[in-house]
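Here the structure comes first, spelled out in structure tokens, and everything after it is commentary.
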Amino acid sequence: MPIRRIPIRRARPNQLRTKQTDYSKLGFGQYFSDHFFATEFDRVNEWHMTRIEPWRLLQIDAAAICLHYGQEVFEGLKAYRGKDGGIYLFRWQKNATRLNSSADRLMMETVDPEFFGQAVKTLVLLEQDWVPNDSECSLYIRPTLIATDPFLGVRPGDEYAFYVIVGPVGAYYPEGFNPIRIWVSEEDVRAVKGGLGEAKTAANYAHSLCAQQKAQKLGYTQVLWLDAIEHRWVEEVGTMNIFFRINDEVVTPPLAGTILPGITRDSVITICKHWGIKVTERTISINEVIALAKSGELQEVFGSGTAAVISPVGVLSHKGEEVTINGNQTGELSQRLFEYLTRLQRGEEDDIFGWVERIDHLDVEKVARGEF
Ligand SMILES: *Cc1c(COP(=O)(O)O)cnc(C)c1O
């Protein structure tokens with residue numbers, strides 16, 4: 001039974017938050033809307049207590065498994081406002097399947113992808129006034145799955161909560177769409193084969209904070225992770241997958257178990273191939289990257305992710321040595337991809353890949369009843 005009924009309890013006028021109308025002050029992840037979606041699972045009732053209700057503090061047992069042993073997975077996607085006033089979702093089905101792959105990896109209950117889509121659409125429609133009317137801003141959507149049963153022995157949970165929160169966001173990095181400075185981590189590693197690297201889970205982020213702080217203290221924006229065994233092969237950047245443009249060929253590390261399978265990464269690969277650009281998924285060592293940067297063959301480096309879309313890399317620091325890429329300027333491919341993707345996501349490009357879904361014509365009550 002993938003489609004369910006989602007009862008909506010609307011906030012009273014005095015419960016509504018004041019919206020930040022100065023979009024330049026939005027930043028990332030600091031504002032939230034008026035309602036949230038939630039549903040709960042136990043072995044007897046399966047998913048039940050499904051609802052959208054006014055924002056409130058969660059009630060959770062102090063012994064809940066997620067708080068002690070980290071059974072938590074999440075997703076990140078966005079609702080975009082087009083110039084036509086439409087509200088668009090981008091490849092949300094991929095987020096639904098990835099949530100379930102992450103859940104499987106952590107021995108958690110999964111969520112039916114259609115139900116995931118219904119939850120996201122209902123909440124976004126209810127909160128549509130929160131989708132910024134600005135081409136650089138969007139409504140960030142954070143589906144979250146946690147194990148909630150109170151139990152301090154170590155075992156997978158039997159009870160879960162799946163909830164969705166949304167909030168308006170601007171640029172992920174204060175730099176905006178300008179080249180960022182990246183620090184290559186030599187000691188700390190993000191993930192090892194057989195570990196959690198492929199899963200979108202809190203543990204990967206908790207684990208990354210230490211290196212992130214080292215990078216920031218040295219004046220860099222993000223960490224570039226190398227493989228955990230040889231400290232040699234490039235994996236990804238903090239919250240993004242990474243691409244290198246070398247002699248007009250695009251190179252990105254393969255998904256071999258330690259890298260988060262980014263949906264933007266997949267989109268970039270598909271778009272570049274469609275444009276007739278050669279794309280190779282292969283291992284690439286940090287020494288090769290530095291050598292190519294010095295010889296001038298490395299034309300561009302950029303990260304990809306839902307939060308920042310495309311983020312050009314201007315400077316790489318490795319073993320105390322800095323190399324500059326493309327004169328610390330945004331490269332032409334980064335620029336072209338950024339413009340194409342952001343326009344596609346807002347319904348301003350022909351949707352040749354079938355990735356974009358316009359939802360603002362849907363009636364929230366109908367979607368909540370599963371009639372759409
Ligand atoms: C979410 C995430 C990405 C980007 O994935 P998208 O689906 O493109 O947003 C890349 N790396 C890590 C570690 C992530 O958590």
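Within each chain, counting starts at residue 1; across the structure tokens, chains are named A, B, ... in the order shown, with ligands numbered 1 upward in that order.
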
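Neighbouring residues of ligand 1 at a cut-off of 7 Å, counting only C-alpha atoms and all ligand atoms, are A:Gly76, A:Leu77, A:Lys200, A:Glu236, A:Val237, A:Gly238, A:Thr239, A:Met240, A:Asn241, A:Leu260, A:Pro261, A:Gly262, A:Ile263, A:Thr264, A:Arg265, A:Ser304, A:Gly305, A:Thr306, A:Ala307.
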
Residue subset to file, keeping all heavy atoms, as a tab-separated table (two decimals), in the first residue's frame:
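That gives us out29.tsv:
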chain	number	residue	atom	x	y	z
A	76	GLY	N	18.74	14.82	0.85
A	76	GLY	CA	18.72	16.26	0.62
A	76	GLY	C	18.30	16.50	-0.81
A	76	GLY	O	18.93	16.01	-1.74
A	77	LEU	N	17.20	17.21	-0.98
A	77	LEU	CA	16.76	17.59	-2.33
A	77	LEU	C	16.13	18.97	-2.22
A	77	LEU	O	16.07	19.55	-1.14
A	77	LEU	CB	15.81	16.55	-2.94
A	77	LEU	CG	14.45	16.28	-2.32
A	77	LEU	CD1	13.56	15.57	-3.35
A	77	LEU	CD2	14.54	15.38	-1.10
A	200	LYS	N	24.17	7.84	3.08
A	200	LYS	CA	24.01	9.23	3.51
A	200	LYS	C	23.55	9.16	4.96
A	200	LYS	O	22.36	9.03	5.25
A	200	LYS	CB	22.99	9.93	2.62
A	200	LYS	CG	23.32	11.41	2.42
A	200	LYS	CD	22.54	12.01	1.28
A	200	LYS	CE	22.73	13.50	1.21
A	200	LYS	NZ	24.05	13.93	0.75
A	236	GLU	N	36.26	12.26	-2.65
A	236	GLU	CA	35.28	13.33	-2.85
A	236	GLU	C	35.59	14.49	-1.92
A	236	GLU	O	36.51	14.43	-1.11
A	236	GLU	CB	33.86	12.81	-2.67
A	236	GLU	CG	33.54	12.26	-1.30
A	236	GLU	CD	32.07	11.82	-1.19
A	236	GLU	OE1	31.18	12.58	-1.59
A	236	GLU	OE2	31.83	10.72	-0.68
A	237	VAL	N	34.79	15.54	-2.03
A	237	VAL	CA	34.95	16.71	-1.19
A	237	VAL	C	33.84	16.67	-0.14
A	237	VAL	O	32.81	16.06	-0.39
A	237	VAL	CB	34.83	18.00	-2.03
A	237	VAL	CG1	35.02	19.24	-1.18
A	237	VAL	CG2	35.84	17.99	-3.15
A	238	GLY	N	34.03	17.31	0.99
A	238	GLY	CA	33.08	17.32	2.10
A	238	GLY	C	31.66	16.89	1.77
A	238	GLY	O	31.21	15.81	2.16
A	239	THR	N	30.93	17.73	1.06
A	239	THR	CA	29.53	17.43	0.79
A	239	THR	C	29.29	17.29	-0.71
A	239	THR	O	28.16	17.42	-1.17
A	239	THR	CB	28.64	18.56	1.31
A	239	THR	OG1	29.09	19.77	0.70
A	239	THR	CG2	28.74	18.72	2.79
A	240	MET	N	30.36	17.05	-1.47
A	240	MET	CA	30.21	17.05	-2.92
A	240	MET	C	31.07	15.95	-3.55
A	240	MET	O	32.13	15.60	-3.02
A	240	MET	CB	30.70	18.38	-3.51
A	240	MET	CG	30.04	19.61	-2.94
A	240	MET	SD	30.55	21.09	-3.85
A	240	MET	CE	32.30	21.15	-3.46
A	241	ASN	N	30.65	15.49	-4.70
A	241	ASN	CA	31.50	14.65	-5.54
A	241	ASN	C	32.43	15.56	-6.33
A	241	ASN	O	32.16	16.76	-6.44
A	241	ASN	CB	30.64	13.79	-6.47
A	241	ASN	CG	29.77	12.83	-5.68
A	241	ASN	OD1	28.56	12.97	-5.63
A	241	ASN	ND2	30.39	11.85	-5.06
A	260	LEU	N	29.92	8.70	-1.87
A	260	LEU	CA	28.47	8.89	-1.88
A	260	LEU	C	28.00	9.00	-3.34
A	260	LEU	O	28.53	9.83	-4.09
A	260	LEU	CB	28.14	10.17	-1.10
A	260	LEU	CG	26.77	10.38	-0.48
A	260	LEU	CD1	25.73	10.69	-1.56
A	260	LEU	CD2	26.30	9.21	0.34
A	261	PRO	N	27.06	8.15	-3.74
A	261	PRO	CA	26.59	8.22	-5.13
A	261	PRO	C	25.69	9.43	-5.36
A	261	PRO	O	24.47	9.35	-5.25
A	261	PRO	CB	25.83	6.90	-5.33
A	261	PRO	CG	25.48	6.42	-3.96
A	261	PRO	CD	26.42	7.08	-2.98
A	262	GLY	N	26.29	10.54	-5.69
A	262	GLY	CA	25.56	11.80	-5.82
A	262	GLY	C	24.63	11.80	-7.03
A	262	GLY	O	24.99	11.31	-8.10
A	263	ILE	N	23.48	12.39	-6.84
A	263	ILE	CA	22.51	12.51	-7.94
A	263	ILE	C	22.97	13.61	-8.89
A	263	ILE	O	22.82	13.51	-10.10
A	263	ILE	CB	21.10	12.74	-7.37
A	263	ILE	CG1	20.70	11.49	-6.56
A	263	ILE	CG2	20.09	13.03	-8.48
A	263	ILE	CD1	19.59	11.69	-5.57
A	264	THR	N	23.58	14.65	-8.34
A	264	THR	CA	24.15	15.69	-9.20
A	264	THR	C	25.32	15.11	-10.00
A	264	THR	O	25.49	15.42	-11.17
A	264	THR	CB	24.61	16.90	-8.36
A	264	THR	OG1	23.66	17.12	-7.32
A	264	THR	CG2	24.73	18.15	-9.21
A	265	ARG	N	26.11	14.26	-9.35
A	265	ARG	CA	27.21	13.58	-10.05
A	265	ARG	C	26.67	12.83	-11.25
A	265	ARG	O	27.19	12.97	-12.37
A	265	ARG	CB	27.90	12.61	-9.08
A	265	ARG	CG	28.99	11.74	-9.70
A	265	ARG	CD	29.49	10.71	-8.67
A	265	ARG	NE	30.58	9.89	-9.21
A	265	ARG	CZ	30.39	8.83	-9.99
A	265	ARG	NH1	29.16	8.46	-10.34
A	265	ARG	NH2	31.43	8.15	-10.44
A	304	SER	N	30.24	18.68	-7.20
A	304	SER	CA	28.82	18.63	-7.55
A	304	SER	C	28.01	18.12	-6.36
A	304	SER	O	28.41	17.20	-5.68
A	304	SER	CB	28.60	17.70	-8.74
A	304	SER	OG	28.72	16.35	-8.34
A	305	GLY	N	26.86	18.75	-6.13
A	305	GLY	CA	25.98	18.31	-5.06
A	305	GLY	C	24.71	19.15	-5.09
A	305	GLY	O	24.70	20.25	-5.65
A	306	THR	N	23.65	18.63	-4.49
A	306	THR	CA	22.37	19.34	-4.50
A	306	THR	C	22.49	20.72	-3.85
A	306	THR	O	21.94	21.69	-4.34
A	306	THR	CB	21.32	18.51	-3.75
A	306	THR	OG1	21.17	17.27	-4.45
A	306	THR	CG2	19.99	19.22	-3.66
A	307	ALA	N	23.24	20.78	-2.75
A	307	ALA	CA	23.31	22.02	-1.99
A	307	ALA	C	23.95	23.15	-2.79
A	307	ALA	O	23.39	24.24	-2.90
A	307	ALA	CB	24.05	21.79	-0.68

| query | What are the DSSP strand (DSSP E or B) residues of region 180-356 of chain A, as a PyMOL selection string? | reply | chain A and resi 180-184+201+222-226+233-237+240-246+249-252+278-281+285+298-305+309-318+321-324+356

| task | Looking only at alpha helix (DSSP H) from DSSP on the backbone, list the matching residues of region 16-158 of chain A as number ranges by chain. | result | A: 65-69, 92-105, 113-126

| Which neighbours of Gly27 (chain A) fall inside 9 Å, counting only C-alpha atoms, when residues of the same chain fewer than 6 positions from it are skipped, and could you give them as a list in words? | Pro168, Val169, Gly170, Ala171, Tyr172, Tyr173 and Pro174 of chain A

Residue subset to file, keeping N, CA and C atoms, as a short mmCIF file (atom, residue, chain, number, x, y, z; two decimals), in the first residue's frame:
data_model
loop_
_atom_site.label_atom_id
_atom_site.label_comp_id
_atom_site.auth_asym_id
_atom_site.auth_seq_id
_atom_site.Cartn_x
_atom_site.Cartn_y
_atom_site.Cartn_z
N PRO A 168 13.79 27.46 3.40
CA PRO A 168 14.37 28.20 2.28
C PRO A 168 15.88 28.36 2.44
N VAL A 169 16.61 28.18 1.33
CA VAL A 169 18.07 28.31 1.37
C VAL A 169 18.57 29.17 0.21
N GLY A 170 19.72 29.78 0.45
CA GLY A 170 20.43 30.50 -0.61
C GLY A 170 21.66 29.70 -0.98
N ALA A 171 22.75 30.37 -1.28
CA ALA A 171 23.99 29.68 -1.67
C ALA A 171 24.53 28.87 -0.50
N TYR A 172 25.08 27.69 -0.80
CA TYR A 172 25.63 26.83 0.25
C TYR A 172 26.91 27.40 0.82
N TYR A 173 27.77 27.91 -0.06
CA TYR A 173 29.02 28.50 0.40
C TYR A 173 28.90 30.02 0.39
N PRO A 174 29.51 30.69 1.36
CA PRO A 174 29.48 32.15 1.35
C PRO A 174 30.10 32.71 0.06
#

| task | Can you pull out every residue within 6 Å of region 207-222 of chain A, counting only C-alpha atoms, but drop anything in the same chain fewer than 2 positions away, and send it as a PyMOL selection string? | result | chain A and resi 181-183+203-205+238

Restricted to N, CA and C atoms, what would the selected residues look like written as a PDB file, in the first residue's frame?
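Saved to part_21.pdb:
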ATOM      1  N   ARG A 181      38.372  27.230  -2.010  1.00  0.00           N
ATOM      2  CA  ARG A 181      39.716  26.752  -1.691  1.00  0.00           C
ATOM      3  C   ARG A 181      39.593  25.433  -0.949  1.00  0.00           C
ATOM      4  N   ILE A 182      40.337  24.450  -1.411  1.00  0.00           N
ATOM      5  CA  ILE A 182      40.188  23.106  -0.876  1.00  0.00           C
ATOM      6  C   ILE A 182      41.488  22.576  -0.297  1.00  0.00           C
ATOM      7  N   TRP A 183      41.366  21.900   0.824  1.00  0.00           N
ATOM      8  CA  TRP A 183      42.520  21.362   1.541  1.00  0.00           C
ATOM      9  C   TRP A 183      42.496  19.840   1.487  1.00  0.00           C
ATOM     10  N   ALA A 203      26.741   9.679  10.715  1.00  0.00           N
ATOM     11  CA  ALA A 203      28.074   9.282  11.178  1.00  0.00           C
ATOM     12  C   ALA A 203      29.174   9.817  10.266  1.00  0.00           C
ATOM     13  N   ASN A 204      28.943   9.802   8.960  1.00  0.00           N
ATOM     14  CA  ASN A 204      29.956  10.284   8.019  1.00  0.00           C
ATOM     15  C   ASN A 204      30.264  11.755   8.249  1.00  0.00           C
ATOM     16  N   TYR A 205      29.266  12.501   8.668  1.00  0.00           N
ATOM     17  CA  TYR A 205      29.456  13.929   8.890  1.00  0.00           C
ATOM     18  C   TYR A 205      30.101  14.206  10.243  1.00  0.00           C
ATOM     19  N   GLY A 238      34.032  17.311   0.986  1.00  0.00           N
ATOM     20  CA  GLY A 238      33.079  17.317   2.103  1.00  0.00           C
ATOM     21  C   GLY A 238      31.657  16.890   1.774  1.00  0.00           C
TER      22      GLY A 238
END

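Remark: for Val189 (chain A), the closest of the candidate residues A:Arg155, A:Lys366, A:Lys78, A:His231 is A:His231 (distances computed over only C-alpha atoms).
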
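Atom pair CA of Gly82 (chain A) / CA of Ile359 (chain A) has a distance of 11.5 Å (rounded to one decimal).
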
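Using only C-alpha atoms, the nearest neighbour of Thr342 (chain A) within the list A:Arg81, A:Arg56, A:Lys25, A:Lys19 is A:Arg81.
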
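Non-sequential neighbours of Leu89 (chain A) (distance at most 6 Å, separation of 4 or more positions within a chain, only C-alpha atoms) are Ala79, Val356 and Glu357 of chain A.
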
| request: Compile the contact shell of region 146-154 of chain A as a PyMOL selection string: residues with an atom at most 9 Å away, counting only C-alpha atoms, same-chain residues fewer than 6 positions apart removed. | output: chain A and resi 42+60-74+108-109+160-163

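Excluding Ser285 (chain A) itself and any same-chain residue fewer than 5 positions from it, the protein and nucleic acid residues within 8 Å of it, counting only C-alpha atoms, are A:Arg232, A:Trp233, A:Val234.
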
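Here CA of Glu186 (chain A) and CA of Glu198 (chain A) stand 20.7 Å from one another.
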
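You can rank A:Ser135, A:Thr110, A:Thr324, A:Ser267 by their closest distance to Trp47 (chain A) using only C-alpha atoms, and at the top of that list sits A:Thr110.
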